[in-house]
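Peer 1: Take this structure first; my questions come after.
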Amino acid sequence: MSASVTLAARRAPGPVAAGLLALRLAWRQLWSEKARLASAIAGVMFACVLVFMQLGFRAALFDSATAVIGAMRGDLFLMHPLTTASFRPEPMPRARAWQVLALPEVERAVPIYLAQATWRNPEDGTRRSIQLIGVEADAGVLDFPGLAPILDRLKRADTIAFDRRSRPEFGAVARLLEERGPFEVQVGNRDMEVVGLIEIGPSFGADGNIVLSDVNFRRVVKERQVSAIDLVAIRLRPGADVLDVQRRLRDLLPPDAMVLTQAQLHAHERGYWEEATPIGFIFSFGSLMGLVVGMVIVYQILFSDIAGHLKEYATLKALGYSNLYLSQVVLGAALILAVTGFVPGMLVSALLYDVVGSATYLPLSMDVARASSVFAMIFTMCAVAGLLAMRKLRDANPADMF
Amino acid sequence: MDSPVELRGITFAYGEGELRKAVLRDVDLTVAPGEIVLLTGPSGSGKTTLLTLIGALRAMQEGSARVLGQELNGANEATRVRLRRNIGFIFQSHNLLGFLTARQNVAMALEQDAALAERQRLDRAAALLGQVGLSEHLDKLPAQLSGGQRQRVSVARALAAEPGLVLADEPTAALDKASGHEVVMLLRDLAKSRGVPILLVTHDPRILDIADRVVAMEDGRIVGASAERNAAR
């Protein structure tokens, strides 16, 4: 047989080379219709911003909801198993805090009191519920910004530290403190002296916060038995095995006290807001809607690209291009849209985080973990749209070209 | 020397059951190496279906078709896709990719060959476009070319990958007499210089003079062939 009539032994390009060629073809096709490309990128960008904002709000709300618990420092914590969230604690006997000292690894066990009391606005006299956090002043259990320099003042009788990020309805305490120096406010039915400011921030459970010593706490919340406490922070001696101590404490303590690590305590508090309230669902649903809208837009663009170029795709099949190659072209277009939509979407979102964050005091910030998970979502969204649009490729039949 | 195309007893029908309509009945056809064969006949005579079968664009039903040494009866999709890379197609309309320049369109036919680098593909495309008289129009989009120029680009594309066979379907249908003739003459000269056989379906009596042989079809059968028409004239 002569060479002219046999199949020339042609080596097809490897998968990487073919993929790159497909990607280039996809780009050329997208670039040739710039208005359509711009609308596709805008669609992806829109979905991207929507998802970023929803996830940002979600994380910010969870962060602020768990601000009080998140600032507690300790190796292990005791909590009553019926406590669902810190703003509604179930008290347990103070004896549990002394019982844990039975283990030689335990250096210190600090009882923490949590309660809500009525605060009278020092400016207009209106009353509102405020969260009290009572703990021995220099136990080193609380880590709120601004607390360390005023610890000595909090040891005096009838003194409190006020959360400067509490809602404005509590009165302009920060301004008053600056103008007059320490002044008296009514908390519960007692006059307390505001001696300093700390930063915690409002949450769903509490509009404002006060930190005070355990002794002062009992002066304000008179109905509370001294022996009923809400939380115990345990500090271990250096080198102790936290998980081992946790297991032994569980054996030691009666079932009215749960032993949690710091991470477990945070997770417990966060779990309440995520599962027992619709907050987590609302924002997840919002993100999902953004992705669905983005997917429909991308699908529309890719589908009409294929439908409008059916003859060209069929011609490529006649030239010996496989279905796989053409699928790569469609997926390549989806990838291009994902990347070109994500980058500006992320920049706009970072900008919006700044603007919205400074207006609402919500802790909004762009971080690598969130950016990469949003990119994964946007990429999946575009890929699914591409896979759906690819079904249209079957209509490109080279036999119909003649 | 083996023939590039050898058809034996090709029978093909569209539809199923009572709607079954035979379009090819027991067709035998052989194309010799380097031969230019014109396939003529009224619409519905089955010539286009025959062309799509030879071009491996359609799965066979009955009979045997050896194209470039490959038996097509029972060949799977992958085999047919591979075979198509060795066949140059010229369609009724140019079917160029609208978003690629003339040169990029021709280079597309070369991207299936890993032996060529991008530079070589573009150089070869430019050389071929020069041979069809379009060296001034390398970087124009199809929309910026005339109908005759576009069809010349598709001639260049069909020949770019050095195919073993060229199949053309009414390549002059959309062209006026002068440019139509110019295109088929180019096609013939390029094919002859490379020794590539051409099977060309046409209604157009103006281009019969390029053929080595004219095969007439009617109602799914080959009804007559004028062998060595050019030699006889």
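The chains in the structure tokens are called A, B, ... from first to last as shown; in each chain the residues are counted from 1, and the ligands are counted from 1 in the order shown.
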I need the strand (DSSP E or B) residues of segment 77-178 of chain B per DSSP on the backbone, written as a PyMOL selection string.

Peer 2: chain B and resi 87-90+165-169

Peer 1: Mind dumping a table of every segment 86-197 of chain A residue within 12 Å of segment 344-367 of chain A, with the nearest atom pair and its distance in Å to one decimal, using only C-alpha atoms, sorted by chain and rising number, as a tab-separated table?

Peer 2:
```
residue	atom	partner	partner_atom	distance
A:Arg164	CA	A:Tyr361	CA	11.6
A:Arg165	CA	A:Tyr361	CA	8.2
A:Ser166	CA	A:Tyr361	CA	10.5
A:Arg167	CA	A:Tyr361	CA	10.5
```

Peer 1: Please dump the current selection as a tab-separated table (two decimals), in the first residue's frame; keep N, CA and C atoms.

Peer 2:
```tsv
chain	number	residue	atom	x	y	z
A	164	ARG	N	-18.07	49.66	75.08
A	164	ARG	CA	-18.29	50.88	74.27
A	164	ARG	C	-19.00	50.58	72.95
A	165	ARG	N	-19.05	49.33	72.54
A	165	ARG	CA	-19.76	49.00	71.29
A	165	ARG	C	-21.19	48.56	71.53
A	166	SER	N	-21.66	48.70	72.77
A	166	SER	CA	-23.07	48.43	73.05
A	166	SER	C	-23.93	49.35	72.18
A	167	ARG	N	-25.20	48.97	71.99
A	167	ARG	CA	-26.06	49.79	71.14
A	167	ARG	C	-26.22	51.20	71.71
```

Peer 1: Only residues of chain B matter here; which ones have an atom within 7 Å of chain A, counting only C-alpha atoms? Give them as a ChimeraX atom specification.

Peer 2: /B:1-4,48,52,57-58,68-69,81-82,84-86,91-92,95-97,99,109,112-114,164,169

Peer 1: Would you pick out the contacts of Ser45 of chain B at 6 Å or less, using only C-alpha atoms, so that residues sharing its chain but fewer than 5 positions from it are not included, and give the list as a list of chain:residue names?

Peer 2: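 Contacts, in chain order: B:Met217, B:Glu218, B:Asp219, B:Gly220.
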
Peer 1: Now that the selection is made, can you save its residues with C-alpha atoms as a CSV table (one decimal), in the first residue's frame?

Peer 2:
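Output (result-v4.csv):
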```
chain,number,residue,atom,x,y,z
B,217,MET,CA,-26.7,8.7,-9.7
B,218,GLU,CA,-30.4,8.3,-9.8
B,219,ASP,CA,-32.8,6.9,-7.1
B,220,GLY,CA,-30.0,5.5,-5.0
```

Peer 1: Counting only C-alpha atoms, what is within 12 Å of Val343 of chain A, bar same-chain residues fewer than 6 positions away, as a list in words?

Peer 2: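 Residues meeting the cut-off are Ile41, Ala42, Val44, Met45, Phe46, Cys48, Val49, Ile336, Leu337, Ser349, Ala350, Ala371, Ser372, Val374, Phe375, Ile378 and Phe379 of chain A.
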
Peer 1: When you look at Leu302 of chain A with a cut-off of 7 Å (counting only C-alpha atoms), what residues show up, excluding the ones that are within fewer than 3 positions of it in the same chain? I need them as an MDAnalysis selection string.

Peer 2: chainID A and resid 298:299 305:306 386 389

Peer 1: List as CSV every residue of segment 182-296 of chain A that is in contact with segment 112-132 of chain A, defined as an atom at most 10 Å from one of its atoms (using only C-alpha atoms), together with the nearest atom pair and the distance in Å rounded to one decimal, sorted by chain and then rising number.

Peer 2:
```
residue,atom,partner,partner_atom,distance
A:Phe183,CA,A:Pro122,CA,9.3
A:Glu184,CA,A:Pro122,CA,8.2
A:Val185,CA,A:Pro122,CA,6.0
A:Gln186,CA,A:Arg120,CA,5.4
A:Val187,CA,A:Trp119,CA,4.7
A:Gly188,CA,A:Thr118,CA,5.0
A:Asn189,CA,A:Thr118,CA,8.1
A:Arg190,CA,A:Trp119,CA,9.8
A:Asp191,CA,A:Arg120,CA,9.9
A:Pro202,CA,A:Gln131,CA,9.6
A:Gly205,CA,A:Gln131,CA,8.5
A:Ala206,CA,A:Gln131,CA,5.9
A:Asp207,CA,A:Ile130,CA,6.5
A:Gly208,CA,A:Ile130,CA,5.2
A:Asn209,CA,A:Gln131,CA,4.6
A:Ile210,CA,A:Leu132,CA,4.9
A:Val211,CA,A:Leu132,CA,6.0
A:Leu212,CA,A:Leu132,CA,7.3
A:Ser213,CA,A:Tyr113,CA,9.3
A:Asp214,CA,A:Tyr113,CA,6.9
A:Phe217,CA,A:Tyr113,CA,7.5
A:Arg218,CA,A:Tyr113,CA,8.9
A:Val220,CA,A:Ala117,CA,8.1
A:Val221,CA,A:Ala117,CA,7.5
A:Arg224,CA,A:Ala115,CA,9.3
A:Val226,CA,A:Tyr113,CA,9.6
A:Ala228,CA,A:Tyr113,CA,8.4
A:Ile229,CA,A:Tyr113,CA,5.5
A:Asp230,CA,A:Tyr113,CA,5.3
A:Leu231,CA,A:Ile112,CA,5.0
A:Val232,CA,A:Ile112,CA,5.7
A:Ala233,CA,A:Ile112,CA,7.3
```

Peer 1: Can you spit out the residues from that selection as a PDB file, in the first residue's frame, using C-alpha atoms?

Peer 2:
```pdb
ATOM      1  CA  PHE A 183     -19.874  58.529  86.965  1.00  0.00           C
ATOM      2  CA  GLU A 184     -22.754  56.575  88.446  1.00  0.00           C
ATOM      3  CA  VAL A 185     -25.385  54.639  86.550  1.00  0.00           C
ATOM      4  CA  GLN A 186     -28.194  52.457  87.776  1.00  0.00           C
ATOM      5  CA  VAL A 187     -27.762  48.759  87.069  1.00  0.00           C
ATOM      6  CA  GLY A 188     -30.426  46.486  88.525  1.00  0.00           C
ATOM      7  CA  ASN A 189     -31.475  48.479  91.540  1.00  0.00           C
ATOM      8  CA  ARG A 190     -28.041  49.635  92.490  1.00  0.00           C
ATOM      9  CA  ASP A 191     -25.914  52.633  91.625  1.00  0.00           C
ATOM     10  CA  PRO A 202     -23.705  43.602  70.621  1.00  0.00           C
ATOM     11  CA  GLY A 205     -28.485  37.637  72.779  1.00  0.00           C
ATOM     12  CA  ALA A 206     -27.504  40.969  74.271  1.00  0.00           C
ATOM     13  CA  ASP A 207     -27.601  44.577  73.072  1.00  0.00           C
ATOM     14  CA  GLY A 208     -24.849  45.621  75.470  1.00  0.00           C
ATOM     15  CA  ASN A 209     -22.373  44.236  77.953  1.00  0.00           C
ATOM     16  CA  ILE A 210     -20.894  45.056  81.342  1.00  0.00           C
ATOM     17  CA  VAL A 211     -17.868  43.409  82.925  1.00  0.00           C
ATOM     18  CA  LEU A 212     -17.557  43.510  86.702  1.00  0.00           C
ATOM     19  CA  SER A 213     -15.958  41.570  89.531  1.00  0.00           C
ATOM     20  CA  ASP A 214     -17.710  38.537  91.000  1.00  0.00           C
ATOM     21  CA  PHE A 217     -21.919  40.973  90.413  1.00  0.00           C
ATOM     22  CA  ARG A 218     -23.497  39.577  93.566  1.00  0.00           C
ATOM     23  CA  VAL A 220     -26.169  43.837  91.572  1.00  0.00           C
ATOM     24  CA  VAL A 221     -27.905  40.483  91.131  1.00  0.00           C
ATOM     25  CA  ARG A 224     -28.601  35.048  92.806  1.00  0.00           C
ATOM     26  CA  VAL A 226     -23.547  32.908  95.741  1.00  0.00           C
ATOM     27  CA  ALA A 228     -24.873  29.128  91.831  1.00  0.00           C
ATOM     28  CA  ILE A 229     -22.418  29.792  89.014  1.00  0.00           C
ATOM     29  CA  ASP A 230     -22.793  29.676  85.244  1.00  0.00           C
ATOM     30  CA  LEU A 231     -19.379  28.784  83.882  1.00  0.00           C
ATOM     31  CA  VAL A 232     -16.018  27.698  85.241  1.00  0.00           C
ATOM     32  CA  ALA A 233     -12.743  28.464  83.509  1.00  0.00           C
TER      33      ALA A 233
END
```

Peer 1: Grab the atom CA of Arg235 of chain A to atom CA of Glu107 of chain A distance for me, in Å with one decimal place.

Peer 2: 5.6 Å

Peer 1: Point out the residue among B:Leu38, B:Gly55, B:Glu111, B:Ala173 with the least atom-to-atom distance to Ile210 of chain B, counting only C-alpha atoms.

Peer 2: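 Nearest to Ile210 of chain B: B:Leu38.
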
Peer 1: Report the distance between atom CA of His181 of chain B and atom CA of Ile198 of chain B in Å, rounded to one decimal place.

Peer 2: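 That distance, rounded to one decimal, is 15.8 Å.
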